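*Asks:* This is the content of run36.txt (compact mmCIF, C-alpha atoms):
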```
# COMPACT_ATOMS: atom_id res chain seq x y z
CA MET A 202 -21.63 -64.35 142.39
CA ALA A 203 -18.46 -62.36 141.96
CA SER A 204 -17.08 -63.54 145.31
CA ILE A 205 -16.48 -67.00 143.81
CA VAL A 206 -13.99 -65.60 141.32
CA ARG A 207 -12.45 -62.94 143.55
CA PRO A 208 -11.75 -64.14 147.08
CA SER A 209 -10.80 -60.61 148.16
CA LEU A 210 -14.46 -59.66 147.70
CA LEU A 211 -15.49 -62.35 150.15
CA ARG A 212 -12.92 -61.11 152.68
CA GLN A 213 -14.25 -57.57 152.31
CA ALA A 214 -17.79 -58.86 152.79
CA CYS A 215 -16.72 -60.79 155.87
CA SER A 216 -15.22 -57.79 157.56
CA ALA A 217 -18.17 -55.54 156.67
CA ALA A 218 -20.49 -54.37 159.44
CA PRO A 219 -23.65 -56.48 159.87
CA THR A 220 -26.72 -54.47 158.93
CA ALA A 221 -29.85 -54.24 161.04
CA ARG A 222 -31.90 -56.03 158.40
CA MET A 223 -30.20 -59.38 158.86
CA LEU A 224 -31.81 -62.16 160.87
CA SER A 225 -31.73 -61.30 164.52
CA THR A 226 -29.12 -63.38 166.25
CA ARG A 227 -27.69 -63.29 169.70
CA ALA A 228 -24.27 -61.84 168.93
CA SER A 229 -22.30 -60.18 171.68
CA ILE A 230 -20.25 -57.21 170.55
CA ASN A 231 -17.56 -55.71 172.76
CA ALA A 232 -17.56 -51.95 173.08
CA SER A 233 -14.02 -51.83 171.71
CA GLN A 234 -14.96 -53.94 168.73
CA ARG A 235 -18.09 -51.95 167.88
CA ILE A 236 -17.95 -50.87 164.28
CA ALA A 237 -18.56 -47.23 163.35
CA GLN A 238 -21.88 -46.14 161.82
CA PRO A 239 -21.98 -45.88 158.02
CA SER A 240 -21.93 -42.37 156.67
CA PHE A 241 -25.50 -42.67 155.35
CA VAL A 242 -27.77 -42.38 158.43
CA ARG A 243 -31.50 -42.90 158.22
CA SER A 244 -33.67 -40.15 159.65
CA ALA A 245 -35.24 -40.78 163.04
CA VAL A 246 -38.72 -39.79 161.76
CA PRO A 247 -40.32 -42.52 159.61
CA THR A 248 -42.00 -41.55 156.33
CA PRO A 249 -45.65 -42.13 157.37
CA MET A 250 -45.19 -39.66 160.22
CA LYS A 251 -43.73 -37.12 157.83
CA ALA A 252 -46.81 -37.53 155.61
CA ALA A 253 -49.17 -37.28 158.56
CA ALA A 254 -47.75 -33.85 159.43
CA PHE A 255 -49.58 -32.48 156.39
CA HIS A 256 -52.99 -33.90 157.32
CA ALA A 257 -55.33 -31.40 158.96
CA SER A 258 -57.94 -33.86 160.25
CA ALA A 259 -57.96 -37.38 161.58
CA LYS A 260 -58.18 -40.21 159.12
CA ARG A 261 -61.68 -41.68 159.08
CA ALA A 262 -62.81 -44.19 156.52
CA ILE A 263 -66.27 -43.43 155.16
CA LEU A 264 -67.10 -47.10 155.01
CA PRO A 265 -64.80 -49.12 157.29
CA PRO A 266 -64.08 -52.63 156.04
CA GLY A 267 -66.68 -55.07 157.23
CA PRO A 268 -66.20 -58.74 158.06
CA GLN A 269 -63.54 -60.31 155.86
CA HIS A 270 -63.65 -63.70 154.21
CA VAL A 271 -60.62 -65.53 152.85
CA GLU A 272 -61.21 -68.43 150.48
CA GLY A 273 -58.50 -71.01 151.11
CA THR A 274 -55.14 -69.59 152.23
CA ALA A 275 -53.76 -66.12 151.68
CA ASN A 276 -51.79 -67.44 148.72
CA ASP A 277 -54.75 -68.81 146.76
CA PRO A 278 -56.30 -66.62 144.06
CA VAL A 279 -59.84 -65.34 144.51
CA PRO A 280 -62.19 -67.91 142.99
CA VAL A 281 -64.10 -66.79 139.91
CA PRO A 282 -67.84 -67.48 140.32
CA PRO A 283 -69.30 -69.93 137.81
CA ALA A 284 -71.06 -68.35 134.85
CA GLU A 285 -74.80 -69.02 134.55
CA PRO A 286 -76.81 -67.41 131.75
CA THR A 287 -79.99 -67.31 133.86
CA HIS A 288 -78.25 -64.97 136.27
CA GLY A 289 -76.15 -63.38 133.54
CA SER A 290 -77.10 -62.54 130.00
CA TYR A 291 -80.71 -63.83 130.11
CA HIS A 292 -81.34 -61.76 133.23
CA TRP A 293 -79.83 -58.70 131.58
CA THR A 294 -81.88 -59.12 128.42
CA PHE A 295 -85.10 -59.62 130.36
CA GLU A 296 -84.39 -56.55 132.48
CA ARG A 297 -83.82 -54.35 129.41
CA ILE A 298 -86.87 -55.65 127.55
CA LEU A 299 -89.00 -54.96 130.63
CA ALA A 300 -87.58 -51.47 131.01
CA ALA A 301 -88.18 -50.73 127.33
CA GLY A 302 -91.74 -52.02 127.67
CA LEU A 303 -92.33 -49.71 130.60
CA ILE A 304 -91.87 -46.62 128.43
CA PRO A 305 -95.09 -46.95 126.38
CA LEU A 306 -96.94 -48.25 129.44
CA THR A 307 -96.00 -45.08 131.32
CA VAL A 308 -96.86 -42.75 128.46
CA ALA A 309 -100.24 -44.40 127.80
CA PRO A 310 -102.13 -43.11 130.87
CA PHE A 311 -101.05 -39.58 130.02
CA ALA A 312 -102.20 -40.03 126.43
CA ALA A 313 -105.25 -42.25 126.63
CA GLY A 314 -106.62 -41.59 130.10
CA THR A 315 -106.65 -43.52 133.34
CA GLN A 316 -109.88 -45.48 133.07
CA HIS A 317 -108.44 -48.63 131.55
CA PRO A 318 -108.06 -51.44 134.10
CA VAL A 319 -106.18 -53.89 131.86
CA LEU A 320 -103.60 -51.28 130.94
CA ASP A 321 -103.38 -50.30 134.59
CA ALA A 322 -102.87 -53.90 135.70
CA THR A 323 -100.15 -54.42 133.12
CA LEU A 324 -98.43 -51.24 134.24
CA CYS A 325 -98.63 -52.28 137.90
CA ALA A 326 -97.22 -55.76 137.22
CA SER A 327 -94.38 -54.42 135.08
CA LEU A 328 -93.55 -51.75 137.67
CA LEU A 329 -93.51 -54.39 140.38
CA ILE A 330 -91.15 -56.72 138.53
CA HIS A 331 -88.96 -53.77 137.53
CA SER A 332 -88.78 -52.64 141.16
CA HIS A 333 -87.99 -56.14 142.34
CA ILE A 334 -85.11 -56.46 139.88
CA GLY A 335 -83.82 -53.06 140.94
CA PHE A 336 -83.92 -53.83 144.64
CA ASP A 337 -82.36 -57.23 143.99
CA SER A 338 -79.46 -55.53 142.21
CA MET A 339 -78.96 -53.29 145.23
CA VAL A 340 -78.96 -56.26 147.61
CA ILE A 341 -76.45 -58.12 145.45
CA ASP A 342 -74.21 -55.06 145.17
CA TYR A 343 -74.12 -54.01 148.79
CA ILE A 344 -74.35 -57.29 150.69
CA PRO A 345 -71.72 -59.71 149.33
CA LYS A 346 -72.64 -63.31 150.02
CA LYS A 347 -69.26 -64.51 151.28
CA ARG A 348 -68.85 -61.74 153.84
CA PHE A 349 -72.42 -61.37 155.07
CA PRO A 350 -74.09 -64.72 154.38
CA LYS A 351 -76.94 -64.37 156.85
CA SER A 352 -77.77 -60.73 156.04
CA ARG A 353 -77.72 -61.52 152.35
CA ALA A 354 -80.13 -64.41 152.79
CA LEU A 355 -82.34 -62.30 155.05
CA PHE A 356 -82.58 -59.42 152.60
CA THR A 357 -83.01 -61.65 149.55
CA TRP A 358 -85.91 -63.56 151.04
CA GLY A 359 -87.29 -60.43 152.71
CA LEU A 360 -87.39 -58.74 149.32
CA ARG A 361 -89.16 -61.71 147.75
CA ALA A 362 -91.72 -61.75 150.55
CA GLY A 363 -92.18 -57.99 150.22
CA THR A 364 -92.76 -58.27 146.50
CA VAL A 365 -95.44 -60.92 147.03
CA VAL A 366 -97.14 -58.79 149.70
CA VAL A 367 -97.10 -55.70 147.46
CA ALA A 368 -98.43 -57.75 144.56
CA ILE A 369 -101.39 -58.81 146.67
CA GLY A 370 -101.86 -55.25 147.88
CA LEU A 371 -101.82 -53.80 144.38
CA TYR A 372 -104.26 -56.48 143.23
CA GLU A 373 -106.61 -55.55 146.05
CA PHE A 374 -106.22 -51.86 145.20
CA GLU A 375 -106.91 -52.55 141.56
CA THR A 376 -109.96 -54.66 142.32
CA ASN A 377 -111.62 -52.80 145.19
CA ASP A 378 -110.53 -49.30 144.30
CA VAL A 379 -110.07 -47.26 141.16
CA GLY A 380 -106.61 -48.46 140.07
CA LEU A 381 -103.13 -46.98 140.39
CA THR A 382 -103.14 -44.39 137.61
CA GLU A 383 -106.65 -43.14 138.40
CA ALA A 384 -105.80 -42.85 142.09
CA ILE A 385 -102.65 -40.88 141.34
CA LYS A 386 -104.61 -38.60 139.06
CA ARG A 387 -107.31 -37.99 141.69
CA VAL A 388 -104.82 -37.23 144.42
CA TRP A 389 -102.69 -35.08 142.15
CA THR A 390 -105.53 -32.89 140.98
CA ALA A 391 -107.23 -32.71 144.36
CA MET B 291 -26.18 -68.03 144.64
CA LEU B 292 -28.24 -68.61 147.73
CA ALA B 293 -25.58 -70.88 149.17
CA GLN B 294 -22.96 -68.16 148.78
CA ARG B 295 -25.30 -65.68 150.39
CA ILE B 296 -25.86 -67.90 153.39
CA ALA B 297 -22.15 -68.56 153.73
CA GLN B 298 -21.45 -64.83 153.54
CA GLN B 299 -24.00 -64.05 156.25
CA SER B 300 -22.72 -66.69 158.63
CA LEU B 301 -19.17 -65.49 158.13
CA ARG B 302 -20.29 -61.95 158.93
CA ARG B 303 -21.83 -63.12 162.16
CA MET B 304 -18.64 -64.84 163.12
CA ALA B 305 -16.68 -61.69 162.26
CA VAL B 306 -18.85 -59.81 164.77
CA GLN B 307 -17.95 -62.23 167.49
CA ARG B 308 -14.29 -62.84 166.74
CA PRO B 309 -12.98 -60.38 164.18
CA LEU B 310 -9.30 -61.28 164.57
CA ALA B 311 -9.94 -64.97 164.14
CA THR B 312 -11.92 -64.63 160.92
CA SER B 313 -9.62 -62.16 159.22
CA MET B 314 -6.94 -64.81 159.34
CA ALA B 315 -9.11 -67.79 158.50
CA LYS B 316 -11.34 -67.65 155.45
CA PHE B 317 -13.50 -70.50 156.67
CA ALA B 318 -14.55 -71.51 160.17
CA SER B 319 -13.30 -75.00 160.93
CA PRO B 320 -15.84 -77.66 161.81
CA ALA B 321 -14.20 -77.92 165.21
CA ALA B 322 -14.78 -74.25 165.89
CA ILE B 323 -18.41 -74.53 164.88
CA ALA B 324 -18.76 -77.60 167.11
CA THR B 325 -17.85 -75.53 170.18
CA ASN B 326 -21.32 -74.02 170.08
CA GLN B 327 -20.27 -70.35 170.05
CA PHE B 328 -21.23 -69.79 166.42
CA ILE B 329 -24.76 -71.15 166.73
CA GLN B 330 -27.31 -68.48 165.98
CA THR B 331 -30.30 -68.27 168.27
CA ARG B 332 -33.52 -66.41 167.71
CA PRO B 333 -35.30 -65.15 170.82
CA VAL B 334 -38.78 -65.59 169.35
CA ALA B 335 -41.46 -67.73 170.94
CA THR B 336 -43.76 -69.78 168.71
CA GLN B 337 -46.99 -71.48 169.56
CA ASN B 338 -48.99 -74.22 167.97
CA MET B 339 -52.20 -73.17 166.28
CA LYS B 340 -55.07 -74.93 164.63
CA PRO B 341 -55.78 -73.88 161.03
CA ASN B 342 -59.03 -72.10 161.90
CA GLU B 343 -57.29 -70.03 164.60
CA ALA B 344 -54.71 -68.95 162.06
CA TYR B 345 -57.58 -68.08 159.69
CA ASN B 346 -59.19 -65.91 162.35
CA ILE B 347 -55.94 -64.06 162.93
CA LEU B 348 -55.69 -63.39 159.19
CA VAL B 349 -59.27 -62.14 159.09
CA GLU B 350 -58.68 -59.82 162.04
CA GLN B 351 -55.49 -58.53 160.49
CA ARG B 352 -57.27 -57.73 157.25
CA LYS B 353 -59.60 -55.37 159.05
CA HIS B 354 -56.59 -53.26 159.97
CA ARG B 355 -55.59 -52.81 156.35
CA PRO B 356 -55.83 -49.18 155.26
CA VAL B 357 -58.92 -48.54 153.14
CA SER B 358 -58.13 -46.69 149.95
CA PRO B 359 -60.11 -43.41 149.95
CA HIS B 360 -62.93 -43.47 147.44
CA LEU B 361 -66.13 -41.48 147.83
CA GLY B 362 -64.43 -38.80 149.92
CA ILE B 363 -61.80 -37.87 147.36
CA TYR B 364 -63.31 -38.55 143.93
CA GLN B 365 -64.01 -35.40 141.97
CA PRO B 366 -67.77 -34.80 141.65
CA GLN B 367 -68.78 -35.46 138.05
CA ILE B 368 -72.15 -35.64 136.37
CA THR B 369 -71.30 -39.17 135.23
CA TRP B 370 -71.20 -40.87 138.56
CA TYR B 371 -73.50 -38.39 140.35
CA GLY B 372 -76.08 -39.16 137.68
CA SER B 373 -75.61 -42.88 138.11
CA ALA B 374 -75.95 -42.66 141.90
CA LEU B 375 -79.01 -40.42 141.52
CA ASN B 376 -80.56 -42.93 139.11
CA ARG B 377 -80.34 -45.66 141.70
CA ILE B 378 -81.49 -43.42 144.54
CA THR B 379 -84.51 -42.09 142.64
CA GLY B 380 -85.41 -45.61 141.56
CA ALA B 381 -85.25 -46.76 145.16
CA ILE B 382 -87.43 -43.83 146.24
CA CYS B 383 -90.11 -44.53 143.63
CA SER B 384 -90.10 -48.29 144.13
CA GLY B 385 -89.87 -47.95 147.88
CA GLY B 386 -92.89 -45.70 147.86
CA LEU B 387 -94.82 -48.18 145.74
CA TYR B 388 -93.87 -51.04 148.08
CA VAL B 389 -94.78 -49.08 151.19
CA PHE B 390 -98.15 -48.07 149.75
CA GLY B 391 -98.93 -51.59 148.53
CA ALA B 392 -98.14 -53.17 151.88
CA ALA B 393 -99.85 -50.41 153.85
CA TYR B 394 -103.03 -50.70 151.77
CA LEU B 395 -103.11 -54.42 152.52
CA VAL B 396 -102.75 -54.05 156.30
CA ALA B 397 -104.72 -50.81 156.65
CA PRO B 398 -108.05 -52.47 157.60
CA LEU B 399 -106.30 -54.37 160.40
CA ILE B 400 -104.90 -51.18 161.94
CA GLY B 401 -107.82 -48.86 161.26
CA TRP B 402 -106.23 -46.67 158.62
CA HIS B 403 -108.09 -45.38 155.57
CA LEU B 404 -105.95 -45.55 152.46
CA GLU B 405 -108.62 -45.66 149.78
CA SER B 406 -108.17 -43.30 146.89
CA ALA B 407 -111.12 -41.18 148.04
CA SER B 408 -109.66 -40.68 151.53
CA LEU B 409 -106.22 -39.93 150.14
CA ALA B 410 -107.59 -37.40 147.69
CA ALA B 411 -109.64 -35.69 150.38
CA ALA B 412 -106.71 -35.53 152.77
CA PHE B 413 -104.39 -34.20 150.13
CA GLY B 414 -106.88 -31.65 148.92
CA SER B 415 -107.21 -30.17 152.37
CA LEU B 416 -103.54 -29.26 152.57
CA PRO B 417 -102.39 -25.69 151.88
CA LEU B 418 -101.30 -24.96 148.34
CA ILE B 419 -97.60 -24.63 149.08
CA ALA B 420 -97.59 -28.02 150.83
CA LYS B 421 -99.32 -29.59 147.86
CA VAL B 422 -96.82 -28.12 145.40
CA LEU B 423 -93.86 -29.22 147.53
CA ILE B 424 -95.17 -32.77 147.96
CA LYS B 425 -95.99 -33.07 144.29
CA SER B 426 -92.57 -31.84 143.18
CA SER B 427 -90.75 -34.08 145.66
CA LEU B 428 -92.65 -37.04 144.20
CA ALA B 429 -92.42 -35.92 140.58
CA PHE B 430 -88.68 -35.29 140.46
CA PRO B 431 -87.57 -38.85 141.33
CA PHE B 432 -90.09 -40.25 138.90
CA THR B 433 -89.18 -38.03 135.96
CA TYR B 434 -85.42 -38.24 136.56
CA HIS B 435 -85.52 -42.01 136.78
CA CYS B 436 -87.60 -42.24 133.60
CA VAL B 437 -85.33 -39.94 131.60
CA ASN B 438 -82.16 -41.58 132.91
CA GLY B 439 -83.67 -44.98 132.17
CA ILE B 440 -84.10 -43.97 128.54
CA ARG B 441 -80.45 -42.80 128.61
CA HIS B 442 -79.41 -46.23 129.88
CA LEU B 443 -81.35 -47.98 127.13
CA VAL B 444 -79.65 -45.77 124.55
CA TRP B 445 -76.30 -46.88 125.95
CA ASP B 446 -77.40 -50.50 125.73
CA PHE B 447 -77.64 -50.01 121.98
CA GLY B 448 -74.07 -48.73 122.02
CA LYS B 449 -74.96 -45.11 121.22
CA TRP B 450 -73.80 -41.89 122.95
CA PHE B 451 -71.10 -43.73 124.86
CA THR B 452 -68.10 -41.39 124.74
CA ASN B 453 -67.25 -39.49 127.90
CA LYS B 454 -68.25 -36.18 126.40
CA GLN B 455 -71.60 -37.47 125.19
CA ILE B 456 -72.32 -39.01 128.57
CA GLN B 457 -71.63 -35.72 130.29
CA VAL B 458 -73.82 -33.75 127.89
CA SER B 459 -76.68 -36.25 128.06
CA GLY B 460 -76.34 -36.31 131.85
CA TRP B 461 -76.88 -32.58 132.15
CA ALA B 462 -79.66 -32.75 129.55
CA ALA B 463 -81.42 -35.47 131.53
CA PHE B 464 -81.21 -33.34 134.64
CA ALA B 465 -82.65 -30.33 132.81
CA VAL B 466 -85.49 -32.26 131.17
CA SER B 467 -86.35 -33.85 134.47
CA GLY B 468 -86.38 -30.49 136.24
CA LEU B 469 -88.65 -28.93 133.62
CA SER B 470 -91.02 -31.92 133.70
CA THR B 471 -91.18 -31.74 137.48
CA ALA B 472 -92.06 -28.06 137.36
CA TYR B 473 -94.76 -28.72 134.79
CA LEU B 474 -96.26 -31.66 136.65
CA ALA B 475 -96.18 -29.98 140.04
CA LEU B 476 -97.50 -26.61 138.99
CA ALA B 477 -99.72 -27.17 135.97
CA TRP B 478 -101.72 -30.16 137.17
```
Can the structure from this file be put into structure tokens for me?

*Replies:*
Amino acid sequence: MASIVRPSLLRQACSAAPTARMLSTRASINASQRIAQPSFVRSAVPTPMKAAAFHASAKRAILPPGPQHVEGTANDPVPVPPAEPTHGSYHWTFERILAAGLIPLTVAPFAAGTQHPVLDATLCASLLIHSHIGFDSMVIDYIPKKRFPKSRALFTWGLRAGTVVVAIGLYEFETNDVGLTEAIKRVWTA
Amino acid sequence: MLAQRIAQQSLRRMAVQRPLATSMAKFASPAAIATNQFIQTRPVATQNMKPNEAYNILVEQRKHRPVSPHLGIYQPQITWYGSALNRITGAICSGGLYVFGAAYLVAPLIGWHLESASLAAAFGSLPLIAKVLIKSSLAFPFTYHCVNGIRHLVWDFGKWFTNKQIQVSGWAAFAVSGLSTAYLALAW
């Protein structure tokens, strides 16, 4: 600090006016001893209010922040979730292989007709697993576990139960009725 | 450096109180400080808190943070509109499948008739315009999701991944899906 070498600097600093940003202390100032304002004066209107003068409508967040969760203290970094290949790269690979397999399964009823129960059953099963993975991705994306633990558990298990129910329903439809592709064809051309 | 700063600030406070005294003396004597007129006081009240109460205050405070505008201000582009539409159409198709599967299972308990013959008869009795509208509103999600799914698989091989190619393929997917919907709804 320069004030070590030049004591006159320290004297100037001592006689300078205390600024408003210093720690608030109970210091009594006589009216006669009050120091004049510095020549630079801050405007009475703060900057956010100046910006708000340009806004034509009220500020409304599309999605207001939901419940917040802080891991540890405010000074700890956000923990990185542990990496597991079953939920990571294996899941991704399985999802893409299934999606690629759905392409010929979807084209086949248009090409070879709708009267093939094994093909139909394979298509139904693949569609069901594909739908389950898709809905699961939506649940994971929109319901974070740390902020909505109960809703996340509810939707995860609700989706699993729904998939089982639909699997039974499609099996019944396949067995007792004509099958998914044939039914769609009959309704479509009705 | 910090020590000099603190010394400077305390000297400033003393200059506020007794300017004549400090202009003559560079340092306040220990005796002067002992007279209790240079002690700084802070009129702030504190209270004891348990850690979980402090946590709750932090959580409440975080809800008042301003939310950075996102969906309301981002320029509409075929890239992210296409991605959102892919998810929405997938949810529509899968949601329909789930609803039908569950409804078919519980239909006998409620008294509904959801066999293919009943559905075909009910659909056939609708006016033509209703049939075309229903068919196109079912065909478009299906065809768009299929075409966009192929686009996604192409990206997974690393192809067509520049911004320009994604925009062109996005519009192409939309067009192919529209034409397929028209064909499926009108020609069948």

*Asks:* Pick from A:Gly289, A:Pro268, A:Pro318, A:Pro249: nearest to chain B, with only C-alpha atoms counted?

*Replies:*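 Smallest separation from chain B among the options: A:Pro268.
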
*Asks:* As a list in words, please: the residues near Glu350 in chain B (cut-off 10 Å, only C-alpha atoms, same-chain neighbours under 5 positions excluded).

*Replies:*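 Using only C-alpha atoms, the neighbours found are Pro268 and Gln269 of chain A; Ala344, Tyr345 and Arg355 of chain B.
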
*Asks:* Can you pull out every residue within 8 Å of range 406-415 of chain B, counting all atoms listed in the file, but drop anything in the same chain fewer than 4 positions away, and send it as JSON, numbers by chain?

*Replies:* {"A": [378, 379, 384, 387, 388, 389, 391], "B": [421]}

*Asks:* Residues of chain B that approach chain A to 7 Å or less, counting only C-alpha atoms: could you list each one with the shortest pair of atoms and its distance in Å to one decimal, rows by chain and increasing residue number, as a tab-separated table?

*Replies:*
```
residue	atom	partner	partner_atom	distance
B:Met291	CA	A:Met202	CA	6.3
B:Gln298	CA	A:Cys215	CA	6.6
B:Leu301	CA	A:Cys215	CA	5.8
B:Arg302	CA	A:Cys215	CA	4.8
B:Ala305	CA	A:Ser216	CA	6.3
B:Val306	CA	A:Ile230	CA	6.5
B:Gln307	CA	A:Ile230	CA	6.3
B:Gln330	CA	A:Thr226	CA	5.4
B:Thr331	CA	A:Thr226	CA	5.4
B:Arg332	CA	A:Thr226	CA	5.5
B:Val349	CA	A:Gln269	CA	5.7
B:Arg352	CA	A:Gln269	CA	6.9
B:Lys353	CA	A:Pro266	CA	6.1
B:Val357	CA	A:Ala262	CA	6.7
B:Ser384	CA	A:Ser332	CA	5.4
B:Tyr388	CA	A:Val367	CA	5.7
B:Gly391	CA	A:Val367	CA	4.6
B:Ala392	CA	A:Val367	CA	5.2
B:Tyr394	CA	A:Gly370	CA	6.1
B:Leu395	CA	A:Gly370	CA	4.9
B:Glu405	CA	A:Asp378	CA	6.9
B:Ser406	CA	A:Ala384	CA	5.4
B:Leu409	CA	A:Val388	CA	6.5
B:Ala410	CA	A:Val388	CA	4.3
B:Phe413	CA	A:Val388	CA	6.5
B:Gly414	CA	A:Ala391	CA	4.7
B:Trp478	CA	A:Thr390	CA	6.0
```

*Asks:* Measuring between all atoms listed in the file, which one of B:Leu428, B:Ala381, B:Ile368, B:Ile296 shows the shortest distance to Val458 in chain B?

*Replies:* B:Ile368

*Asks:* As an exercise, work out the distance from CA of Leu292 in chain B to CA of Pro333 in chain B in Å and give it to one decimal place.

*Replies:*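 Interatomic distance, CA of Leu292 in chain B to CA of Pro333 in chain B: 24.4 Å.
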